[in-house]
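Structure file start_25.txt (compact mmCIF, C-alpha atoms) is printed below.
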```txt
# COMPACT_ATOMS: atom_id res chain seq x y z
CA MET A 311 -20.41 20.72 5.07
CA VAL A 312 -17.76 23.36 5.78
CA ARG A 313 -18.77 26.91 4.80
CA PRO A 314 -15.84 28.25 2.75
CA GLY A 315 -14.20 31.03 4.70
CA GLY A 316 -16.07 29.99 7.83
CA ARG A 317 -14.28 29.39 11.14
CA SER A 318 -14.05 25.67 10.44
CA ALA A 319 -12.34 26.33 7.11
CA ARG A 320 -9.95 28.83 8.71
CA VAL A 321 -9.01 26.34 11.45
CA GLN A 322 -8.40 23.62 8.85
CA ALA A 323 -6.24 25.93 6.73
CA SER A 324 -4.13 27.19 9.65
CA VAL A 325 -3.64 23.67 11.07
CA HIS A 326 -2.67 22.21 7.67
CA THR A 327 -0.25 25.10 7.12
CA ALA A 328 1.25 24.59 10.58
CA VAL A 329 1.81 20.88 9.85
CA ARG A 330 3.47 21.58 6.49
CA GLU A 331 5.73 24.28 7.98
CA LEU A 332 6.72 22.15 10.96
CA GLN A 333 7.34 19.08 8.76
CA THR A 334 9.95 21.18 6.95
CA GLU A 335 11.37 22.85 10.05
CA VAL A 336 11.53 20.06 12.65
CA GLY A 337 10.70 16.97 10.57
CA ARG A 338 7.70 14.70 10.63
CA ASP A 339 8.84 12.57 13.55
CA ALA A 340 9.19 15.58 15.86
CA LEU A 341 5.58 16.71 15.29
CA THR A 342 3.21 16.71 18.25
CA VAL A 343 -0.38 17.93 18.53
CA PRO A 344 0.57 20.68 21.05
CA LEU A 345 3.37 21.86 18.74
CA VAL A 346 1.00 22.03 15.75
CA ALA A 347 -1.71 23.70 17.84
CA GLN A 348 0.69 26.37 19.09
CA ARG A 349 1.89 27.16 15.54
CA ALA A 350 -1.68 27.20 14.21
CA GLY A 351 -2.95 29.38 17.03
CA VAL A 352 -5.59 26.89 18.17
CA THR A 353 -5.93 24.77 21.30
CA PRO A 354 -4.76 21.14 21.23
CA SER A 355 -8.33 20.12 22.09
CA THR A 356 -9.53 21.77 18.88
CA ILE A 357 -7.22 19.42 16.98
CA TYR A 358 -8.13 16.33 19.01
CA ARG A 359 -11.84 17.11 18.63
CA ARG A 360 -11.62 17.56 14.87
CA TRP A 361 -8.96 15.05 13.83
CA GLY A 362 -8.83 12.52 16.67
CA ASP A 363 -5.05 12.26 16.85
CA LEU A 364 -1.82 13.26 15.13
CA LYS A 365 -1.88 10.23 12.79
CA GLU A 366 -5.29 11.22 11.44
CA LEU A 367 -4.26 14.86 11.06
CA LEU A 368 -1.12 13.86 9.14
CA SER A 369 -3.25 11.56 6.98
CA ASP A 370 -5.57 14.48 6.12
CA VAL A 371 -2.63 16.73 5.27
CA ALA A 372 -1.03 13.98 3.16
CA VAL A 373 -4.17 13.49 1.07
CA GLU A 374 -4.38 17.24 0.54
CA ARG A 375 -0.75 17.24 -0.64
CA LEU A 376 -1.43 14.33 -3.01
CA ARG A 377 -4.27 16.16 -4.76
CA PRO A 378 -3.25 16.91 -8.38
CA ASP A 379 -3.24 20.65 -8.98
CA THR A 380 -3.33 20.61 -12.77
CA ALA A 381 -5.04 18.56 -15.48
CA PRO A 382 -2.66 16.13 -17.25
CA LYS A 383 -1.00 17.48 -20.40
CA ASP A 384 -2.39 16.74 -23.86
CA HIS A 385 0.15 14.91 -26.06
CA GLY A 386 -2.22 14.27 -28.93
CA ASP A 387 -3.12 10.60 -28.41
CA LEU A 388 -4.14 8.37 -25.53
CA SER A 389 -1.05 6.19 -25.34
CA SER A 390 1.26 9.21 -25.22
CA ASP A 391 -1.01 10.88 -22.65
CA LEU A 392 -1.09 7.76 -20.46
CA ALA A 393 2.66 7.21 -20.74
CA ALA A 394 3.42 10.82 -19.75
CA TRP A 395 0.90 10.69 -16.89
CA ALA A 396 2.28 7.36 -15.61
CA GLU A 397 5.87 8.65 -15.66
CA GLN A 398 4.90 11.78 -13.74
CA PHE A 399 2.78 9.77 -11.27
CA LEU A 400 5.76 7.48 -10.64
CA ASP A 401 8.13 10.45 -10.20
CA GLU A 402 5.86 12.10 -7.66
CA MET A 403 4.76 9.02 -5.71
CA ALA A 404 8.16 7.28 -5.63
CA SER A 405 9.97 10.36 -4.33
CA PRO A 406 10.80 10.29 -0.59
CA THR A 407 8.18 13.01 -0.07
CA GLY A 408 5.59 11.12 -2.10
CA ARG A 409 6.24 7.84 -0.26
CA GLY A 410 5.95 9.67 3.06
CA TYR A 411 2.58 11.14 2.09
CA ILE A 412 1.30 7.77 0.86
CA ARG A 413 2.29 6.14 4.16
CA ASP A 414 0.72 8.95 6.19
CA ALA A 415 -2.46 8.80 4.09
CA LEU A 416 -2.72 5.05 4.74
CA LEU A 417 -1.90 5.15 8.43
CA GLY A 418 -4.22 7.59 10.12
CA ASP A 419 -7.14 6.36 8.11
CA PRO A 420 -9.49 4.27 10.28
CA ASP A 421 -12.28 4.10 7.68
CA GLY A 422 -10.11 4.00 4.56
CA SER A 423 -11.59 7.23 3.20
CA ASN A 424 -8.23 8.97 2.81
CA ALA A 425 -6.70 6.07 0.91
CA GLY A 426 -9.86 6.02 -1.20
CA GLN A 427 -9.39 9.71 -1.94
CA CYS A 428 -5.82 9.08 -3.16
CA SER A 429 -7.18 6.49 -5.58
CA ALA A 430 -10.01 8.82 -6.62
CA TYR A 431 -7.46 11.50 -7.58
CA ALA A 432 -5.67 9.08 -9.93
CA VAL A 433 -9.00 7.96 -11.42
CA GLN A 434 -10.06 11.59 -12.02
CA GLN A 435 -6.84 12.30 -13.91
CA ILE A 436 -7.13 9.13 -15.98
CA ASN A 437 -10.77 9.93 -16.78
CA VAL A 438 -9.63 13.29 -18.15
CA LEU A 439 -7.30 11.43 -20.53
CA LEU A 440 -9.97 8.88 -21.52
CA THR A 441 -12.60 11.56 -22.19
CA ARG A 442 -10.11 13.55 -24.26
CA ALA A 443 -9.27 10.41 -26.27
CA ALA A 444 -12.96 9.59 -26.82
CA ASP A 445 -13.51 13.16 -28.02
CA ARG A 446 -10.73 12.56 -30.57
CA GLY A 447 -12.59 9.45 -31.73
CA GLU A 448 -10.03 7.05 -30.23
CA ASN A 449 -11.03 3.70 -28.73
CA THR A 450 -10.55 3.78 -24.97
CA PRO A 451 -10.23 1.13 -22.24
CA ASP A 452 -12.35 1.44 -19.11
CA VAL A 453 -10.79 3.39 -16.27
CA GLU A 454 -10.74 0.44 -13.83
CA THR A 455 -8.63 -1.51 -16.31
CA VAL A 456 -6.13 1.38 -16.44
CA VAL A 457 -6.11 1.30 -12.62
CA ASP A 458 -5.37 -2.44 -12.64
CA ARG A 459 -2.74 -2.30 -15.39
CA VAL A 460 -0.91 0.96 -14.57
CA VAL A 461 -1.78 2.57 -11.22
CA ALA A 462 -1.85 -0.63 -9.16
CA PRO A 463 1.54 -2.02 -10.29
CA LEU A 464 3.19 1.39 -9.77
CA MET A 465 1.76 1.85 -6.26
CA TYR A 466 2.34 -1.80 -5.30
CA ARG A 467 6.00 -1.61 -6.31
CA ILE A 468 6.50 1.80 -4.69
CA LEU A 469 5.25 0.35 -1.39
CA PHE A 470 6.40 -3.28 -1.55
CA ARG A 471 8.87 -3.92 -4.37
CA PRO A 472 10.80 -0.80 -5.43
CA ASP A 473 13.60 -2.48 -7.38
CA GLY A 474 13.61 -1.66 -11.10
CA LEU A 475 10.98 1.09 -10.84
CA ASP A 476 11.76 3.51 -13.66
CA ALA A 477 10.16 5.43 -16.50
CA GLU A 478 10.74 2.54 -18.90
CA TYR A 479 8.77 0.23 -16.56
CA ALA A 480 5.93 2.79 -16.41
CA ARG A 481 5.86 2.99 -20.22
CA ARG A 482 5.81 -0.82 -20.45
CA LEU A 483 2.79 -0.94 -18.16
CA VAL A 484 0.98 1.55 -20.39
CA LYS A 485 1.76 -0.60 -23.45
CA GLY A 486 -0.05 -3.45 -21.63
CA VAL A 487 -3.33 -1.52 -21.42
CA PRO A 488 -5.90 -2.94 -23.86
CA ALA A 489 -7.02 -0.48 -26.54
CA ARG A 490 -10.74 -1.10 -25.93
CA PRO A 491 -13.06 -1.83 -23.01
CA THR A 492 -12.50 -5.37 -21.77
CA GLY A 493 -16.13 -5.77 -20.75
CA ARG A 494 -15.32 -6.15 -17.03
CA MET B 1040 22.91 -14.26 12.14
CA VAL B 1041 20.77 -15.55 15.01
CA ARG B 1042 21.82 -18.93 16.40
CA PRO B 1043 18.62 -21.02 16.52
CA GLY B 1044 17.70 -21.64 20.15
CA GLY B 1045 20.20 -19.01 21.26
CA ARG B 1046 19.22 -16.25 23.68
CA SER B 1047 18.50 -13.86 20.82
CA ALA B 1048 16.08 -16.35 19.24
CA ARG B 1049 14.40 -16.99 22.62
CA VAL B 1050 13.92 -13.25 23.19
CA GLN B 1051 12.45 -12.85 19.72
CA ALA B 1052 10.07 -15.77 20.21
CA SER B 1053 8.85 -14.61 23.63
CA VAL B 1054 8.39 -11.00 22.48
CA HIS B 1055 6.50 -12.02 19.34
CA THR B 1056 4.29 -14.33 21.40
CA ALA B 1057 3.63 -11.55 23.91
CA VAL B 1058 2.58 -9.18 21.11
CA ARG B 1059 0.23 -11.73 19.57
CA GLU B 1060 -1.35 -12.60 22.93
CA LEU B 1061 -1.78 -8.94 23.93
CA GLN B 1062 -3.20 -8.01 20.52
CA THR B 1063 -5.95 -10.53 21.22
CA GLU B 1064 -6.41 -9.63 24.88
CA VAL B 1065 -6.20 -5.82 24.96
CA GLY B 1066 -6.19 -4.95 21.26
CA ARG B 1067 -3.50 -3.47 19.08
CA ASP B 1068 -4.06 0.16 20.08
CA ALA B 1069 -3.56 -0.58 23.78
CA LEU B 1070 -0.12 -2.15 23.24
CA THR B 1071 2.90 -0.45 24.79
CA VAL B 1072 6.53 -1.53 24.90
CA PRO B 1073 6.50 -1.85 28.73
CA LEU B 1074 3.34 -4.00 28.53
CA VAL B 1075 4.90 -6.28 25.91
CA ALA B 1076 8.19 -6.43 27.83
CA GLN B 1077 6.42 -7.41 31.07
CA ARG B 1078 4.47 -10.18 29.33
CA ALA B 1079 7.58 -11.43 27.52
CA GLY B 1080 9.71 -11.35 30.67
CA VAL B 1081 12.31 -8.99 29.22
CA THR B 1082 13.19 -5.39 30.00
CA PRO B 1083 11.73 -2.59 27.86
CA SER B 1084 15.29 -1.58 26.96
CA THR B 1085 15.82 -5.03 25.43
CA ILE B 1086 12.91 -4.28 23.08
CA TYR B 1087 14.00 -0.71 22.32
CA ARG B 1088 17.57 -1.92 21.65
CA ARG B 1089 16.46 -4.67 19.30
CA TRP B 1090 13.40 -3.20 17.56
CA GLY B 1091 13.75 0.56 17.99
CA ASP B 1092 10.12 1.24 18.86
CA LEU B 1093 6.68 -0.34 19.05
CA LYS B 1094 5.90 0.40 15.38
CA GLU B 1095 8.96 -1.54 14.23
CA LEU B 1096 8.20 -4.42 16.58
CA LEU B 1097 4.60 -4.64 15.32
CA SER B 1098 5.92 -4.51 11.75
CA ASP B 1099 8.20 -7.48 12.46
CA VAL B 1100 5.37 -9.45 14.03
CA ALA B 1101 3.05 -8.61 11.12
CA VAL B 1102 5.52 -9.88 8.52
CA GLU B 1103 5.94 -13.08 10.53
CA ARG B 1104 2.14 -13.51 10.56
CA LEU B 1105 1.94 -12.91 6.80
CA ARG B 1106 4.43 -15.70 6.04
CA PRO B 1107 2.64 -18.50 4.15
CA ASP B 1108 2.83 -21.73 6.16
CA THR B 1109 2.00 -24.17 3.36
CA ALA B 1110 2.78 -24.55 -0.35
CA PRO B 1111 -0.17 -23.63 -2.63
CA LYS B 1112 -2.41 -26.55 -3.62
CA ASP B 1113 -1.99 -28.36 -6.93
CA HIS B 1114 -5.15 -28.16 -9.10
CA GLY B 1115 -3.61 -29.77 -12.17
CA ASP B 1116 -2.97 -26.74 -14.37
CA LEU B 1117 -1.48 -23.27 -13.98
CA SER B 1118 -4.61 -21.20 -14.49
CA SER B 1119 -6.54 -23.20 -11.88
CA ASP B 1120 -3.56 -23.01 -9.51
CA LEU B 1121 -3.24 -19.24 -9.97
CA ALA B 1122 -6.99 -18.65 -9.61
CA ALA B 1123 -7.13 -20.67 -6.38
CA TRP B 1124 -4.02 -18.96 -5.02
CA ALA B 1125 -5.34 -15.48 -5.89
CA GLU B 1126 -8.70 -16.16 -4.23
CA GLN B 1127 -6.99 -17.37 -1.05
CA PHE B 1128 -4.53 -14.45 -1.09
CA LEU B 1129 -7.47 -12.03 -1.39
CA ASP B 1130 -9.39 -13.77 1.44
CA GLU B 1131 -6.42 -13.57 3.77
CA MET B 1132 -5.17 -10.08 2.91
CA ALA B 1133 -8.59 -8.40 2.67
CA SER B 1134 -9.73 -9.71 6.06
CA PRO B 1135 -9.63 -7.15 8.92
CA THR B 1136 -6.72 -9.12 10.41
CA GLY B 1137 -4.89 -9.24 7.09
CA ARG B 1138 -5.37 -5.52 6.44
CA GLY B 1139 -4.11 -4.77 9.94
CA TYR B 1140 -0.96 -6.83 9.39
CA ILE B 1141 -0.32 -5.21 5.99
CA ARG B 1142 -0.63 -1.75 7.55
CA ASP B 1143 1.66 -2.69 10.44
CA ALA B 1144 4.18 -4.24 8.06
CA LEU B 1145 4.26 -1.00 6.03
CA LEU B 1146 4.40 1.38 8.97
CA GLY B 1147 7.28 0.41 11.18
CA ASP B 1148 9.50 -0.23 8.21
CA PRO B 1149 12.10 2.53 7.81
CA ASP B 1150 14.14 0.73 5.16
CA GLY B 1151 11.26 -1.03 3.41
CA SER B 1152 12.63 -4.48 4.16
CA ASN B 1153 9.46 -5.73 5.84
CA ALA B 1154 7.24 -4.62 2.95
CA GLY B 1155 9.78 -6.25 0.63
CA GLN B 1156 9.48 -9.48 2.61
CA CYS B 1157 5.68 -9.47 2.19
CA SER B 1158 6.17 -9.20 -1.56
CA ALA B 1159 8.86 -11.90 -1.49
CA TYR B 1160 6.40 -14.31 0.18
CA ALA B 1161 3.89 -13.84 -2.65
CA VAL B 1162 6.63 -14.26 -5.26
CA GLN B 1163 7.84 -17.48 -3.59
CA GLN B 1164 4.33 -18.96 -3.71
CA ILE B 1165 3.81 -17.94 -7.34
CA ASN B 1166 7.20 -19.40 -8.28
CA VAL B 1167 6.08 -22.73 -6.82
CA LEU B 1168 3.07 -22.65 -9.18
CA LEU B 1169 5.17 -21.60 -12.19
CA THR B 1170 7.79 -24.29 -11.59
CA ARG B 1171 5.06 -26.90 -11.18
CA ALA B 1172 3.48 -25.76 -14.47
CA ALA B 1173 6.83 -25.83 -16.29
CA ASP B 1174 7.38 -29.38 -14.99
CA ARG B 1175 4.02 -30.30 -16.53
CA GLY B 1176 5.27 -28.87 -19.83
CA GLU B 1177 2.92 -25.85 -19.70
CA ASN B 1178 3.97 -22.45 -21.02
CA THR B 1179 4.43 -20.03 -18.13
CA PRO B 1180 4.55 -16.23 -17.80
CA ASP B 1181 7.41 -14.63 -15.86
CA VAL B 1182 6.76 -14.13 -12.17
CA GLU B 1183 7.03 -10.31 -12.30
CA THR B 1184 4.21 -10.24 -14.84
CA VAL B 1185 2.04 -12.27 -12.45
CA VAL B 1186 2.94 -9.75 -9.73
CA ASP B 1187 1.87 -6.86 -12.00
CA ARG B 1188 -1.32 -8.50 -13.25
CA VAL B 1189 -2.59 -10.27 -10.10
CA VAL B 1190 -0.78 -9.40 -6.85
CA ALA B 1191 -0.51 -5.65 -7.45
CA PRO B 1192 -4.18 -5.02 -8.34
CA LEU B 1193 -5.34 -7.11 -5.37
CA MET B 1194 -3.06 -5.30 -2.90
CA TYR B 1195 -3.72 -1.88 -4.42
CA ARG B 1196 -7.48 -2.34 -4.12
CA ILE B 1197 -7.26 -3.81 -0.62
CA LEU B 1198 -5.38 -0.69 0.52
CA PHE B 1199 -6.85 2.05 -1.68
CA ARG B 1200 -10.00 0.94 -3.52
CA PRO B 1201 -11.81 -1.94 -1.78
CA ASP B 1202 -15.17 -1.68 -3.60
CA GLY B 1203 -16.00 -4.71 -5.73
CA LEU B 1204 -13.14 -6.84 -4.42
CA ASP B 1205 -14.35 -10.42 -4.69
CA ALA B 1206 -13.32 -13.88 -5.89
CA GLU B 1207 -14.73 -13.18 -9.34
CA TYR B 1208 -12.48 -10.12 -9.64
CA ALA B 1209 -9.47 -12.20 -8.56
CA ARG B 1210 -10.30 -14.83 -11.19
CA ARG B 1211 -10.69 -12.11 -13.85
CA LEU B 1212 -7.21 -10.82 -13.00
CA VAL B 1213 -5.77 -14.32 -13.43
CA LYS B 1214 -7.47 -14.60 -16.85
CA GLY B 1215 -5.55 -11.44 -17.83
CA VAL B 1216 -2.15 -13.07 -17.23
CA PRO B 1217 -0.39 -13.81 -20.53
CA ALA B 1218 0.27 -17.50 -21.17
CA ARG B 1219 3.96 -16.98 -22.03
CA PRO B 1220 6.85 -14.77 -20.94
CA THR B 1221 6.29 -11.23 -22.22
CA GLY B 1222 10.00 -10.59 -22.58
CA ARG B 1223 10.00 -7.77 -20.05
```
Could you express the structure from this file as structure tokens?
Amino acid sequence: MVRPGGRSARVQASVHTAVRELQTEVGRDALTVPLVAQRAGVTPSTIYRRWGDLKELLSDVAVERLRPDTAPKDHGDLSSDLAAWAEQFLDEMASPTGRGYIRDALLGDPDGSNAGQCSAYAVQQINVLLTRAADRGENTPDVETVVDRVVAPLMYRILFRPDGLDAEYARRLVKGVPARPTGR
Amino acid sequence: MVRPGGRSARVQASVHTAVRELQTEVGRDALTVPLVAQRAGVTPSTIYRRWGDLKELLSDVAVERLRPDTAPKDHGDLSSDLAAWAEQFLDEMASPTGRGYIRDALLGDPDGSNAGQCSAYAVQQINVLLTRAADRGENTPDVETVVDRVVAPLMYRILFRPDGLDAEYARRLVKGVPARPTGR
């Protein structure tokens, strides 16, 4: 319900910018609400009122940083598109920065909405690929099956079991996606 | 390298017990290192020296709580064993308590060893089922494939996409496990 360009939007933008700048300058662990408020030119109480605490603010910023800024590339067929998307997703999420954002998104997230948004971003990108494939006349699996077969194993291993995570593994996961809807 | 029953083991036991008791009595968010130290009868500096900070202590306690205390039941064949294990895993991990422990395990975990231990527990249980099946003369998939097809989707959805998580979904994931090694 935020009017674009309204005060609320300006506060959000300046606070998010302050967090990103300070994360680079002093590091995530040195961040405090007063430090962010000072840099953003707002009062600490503005931040506490809007975000609750630092964890929730960092979670908001993390989700914003995890939002894809471009549509996935078109490689001519679904399996190439999925393989390229999965490799890029792994690169971004498994990087130290990506892991940090995933952790932050999960932590300050009392109602799970930020984690849900991270998943929604992946589903949006995959839906672009599936729609493109359907427009080409290709058979396509359902998106939740792609989540189970590709997104979930990548995220699970990034968080819990990082050994052997590489592009070849991502491509193998994509090969395991059924070519048609599985009627789930 | 901790001598069982040695001072180090006694400190660990009393601190873990103090955390569990205080989590019940005052709730997780009210925990502080001095509060835990007082209850455990140690100095705060003992806790800081050994665990670093509260996050890392809570992560240790969470992993301990997530350790399976019994071998999975034998239902006579691998698919029944896996389905029953997956349903129980989902029940435990998707509960508010389970989610809290998973979050704590992930958070205070600078080197990822606690998250890795959570994954190792699941792999140990699945290996019990696979060995049992092999002893019966059944064909068995490799354990990493079971992780990709069953454990990863359950954990991913618990953390990022909880809608529609139920026993039927867990059973459907188990049906998707190949009957033989996939040569990954």
For chain B versus chain A, which residues have an atom no more than 10 Å away, and what is each residue's nearest atom pair and distance in Å rounded to one decimal, using all atoms listed in the file, chain-then-number order, as a tab-separated table?
```
residue	atom	partner	partner_atom	distance
B:Arg1142	CA	A:Leu417	CA	7.1
B:Asp1143	CA	A:Leu417	CA	8.8
B:Ala1144	CA	A:Phe470	CA	9.9
B:Leu1145	CA	A:Leu469	CA	7.6
B:Leu1146	CA	A:Arg413	CA	7.1
B:Gly1151	CA	A:Phe470	CA	7.3
B:Ser1152	CA	A:Phe470	CA	8.5
B:Asn1153	CA	A:Phe470	CA	8.4
B:Ala1154	CA	A:Phe470	CA	4.8
B:Gly1155	CA	A:Phe470	CA	5.0
B:Gln1156	CA	A:Phe470	CA	8.1
B:Cys1157	CA	A:Phe470	CA	7.3
B:Ser1158	CA	A:Phe470	CA	5.9
B:Ala1159	CA	A:Arg471	CA	8.5
B:Thr1184	CA	A:Pro463	CA	9.8
B:Val1186	CA	A:Pro463	CA	7.9
B:Asp1187	CA	A:Pro463	CA	5.1
B:Arg1188	CA	A:Arg459	CA	6.7
B:Val1189	CA	A:Asp458	CA	8.7
B:Val1190	CA	A:Tyr466	CA	8.4
B:Ala1191	CA	A:Pro463	CA	5.0
B:Pro1192	CA	A:Ala462	CA	5.0
B:Leu1193	CA	A:Ala462	CA	8.3
B:Met1194	CA	A:Tyr466	CA	6.9
B:Tyr1195	CA	A:Ala462	CA	5.2
B:Arg1196	CA	A:Ala462	CA	7.7
B:Ile1197	CA	A:Gly422	CA	9.8
B:Leu1198	CA	A:Ala425	CA	6.9
B:Phe1199	CA	A:Ala425	CA	4.8
B:Arg1200	CA	A:Gly426	CA	5.6
B:Pro1201	CA	A:Gly426	CA	8.2
B:Asp1202	CA	A:Gly426	CA	9.7
B:Tyr1208	CA	A:Arg494	CA	8.9
B:Arg1211	CA	A:Arg494	CA	8.2
B:Leu1212	CA	A:Asp458	CA	8.6
B:Gly1215	CA	A:Arg459	CA	9.9
B:Arg1223	CA	A:Arg482	CA	8.1
```
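Distance check against Ala350 of chain A using only C-alpha atoms: of A:Asp401, A:Glu331, A:Glu366, A:Asp379, the minimum falls on A:Glu331.
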With a distance cut-off of 10 Å and all atoms listed in the file, select the neighbouring residues of segment 333-337 of chain A, excluding the residue or stretch itself and same-chain residues fewer than 6 positions from it, and output the selection as a list of chain:residue names.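 Final neighbour list, sorted by chain and number: A:Thr327, A:Val346, A:Leu368.
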Record the distance separating atom CA of Ala1161 of chain B and atom CA of Ser1047 of chain B, expressed in Å with one decimal.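 Between atom CA of Ala1161 of chain B and atom CA of Ser1047 of chain B the gap works out to 27.6 Å.
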In Å and to one decimal, atom CA of Val373 of chain A is distant from atom CA of Gln322 of chain A by 13.5 Å
With 5 Å on each side, where is the centre of the axis-aligned box around all listed atoms of segment 1116-1126 of chain B, and how long are its edges in Å to one decimal, as JSON?
```
{"center_x": -5.1, "center_y": -21.1, "center_z": -9.4, "size_x": 17.2, "size_y": 21.3, "size_z": 20.3}
```
Skipping near chain neighbours, those fewer than 4 positions away, what residues fall within 12 Å of Thr380 of chain A using all atoms listed in the file, listed as a list in words? Leu376, Asp384, Trp395, Tyr431, Gln434, Gln435 and Val438 of chain A
Please dump the current selection as a CSV table (one decimal), in the coordinates of the input; keep C-alpha atoms.
```csv
chain,number,residue,atom,x,y,z
A,376,LEU,CA,-1.4,14.3,-3.0
A,384,ASP,CA,-2.4,16.7,-23.9
A,395,TRP,CA,0.9,10.7,-16.9
A,431,TYR,CA,-7.5,11.5,-7.6
A,434,GLN,CA,-10.1,11.6,-12.0
A,435,GLN,CA,-6.8,12.3,-13.9
A,438,VAL,CA,-9.6,13.3,-18.2
```
Please identify all polymer residues lying at most 10 Å from the point (4.1, -18.6, -20.0) (file coordinates), using all atoms listed in the file, and present the result as a list in words. Leu1117, Leu1169, Ala1172, Ala1173, Glu1177, Asn1178, Thr1179, Pro1180, Asp1181, Val1182, Thr1184, Val1216, Pro1217, Ala1218, Arg1219, Pro1220 and Thr1221 of chain B
Do a neighbour search on Arg375 of chain A at 10 Å with only C-alpha atoms, toss out local chain neighbours closer than 3 positions, and write the hits as JSON, numbers by chain. {"A": [326, 330, 369, 370, 371, 372, 378, 379, 407, 408, 411, 412, 415, 428]}
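Comparing the minimum interatomic distances between Asp339 of chain A and each of A:Leu364, A:Val456, A:Ala319, A:Val352, counting all atoms listed in the file, we find that A:Leu364 sits nearest.
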Rounded to one decimal in Å, what is the spacing between atom CA of Arg317 of chain A and atom CA of Ala340 of chain A?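 Computed distance, atom CA of Arg317 of chain A to atom CA of Ala340 of chain A, equals 27.6 Å.
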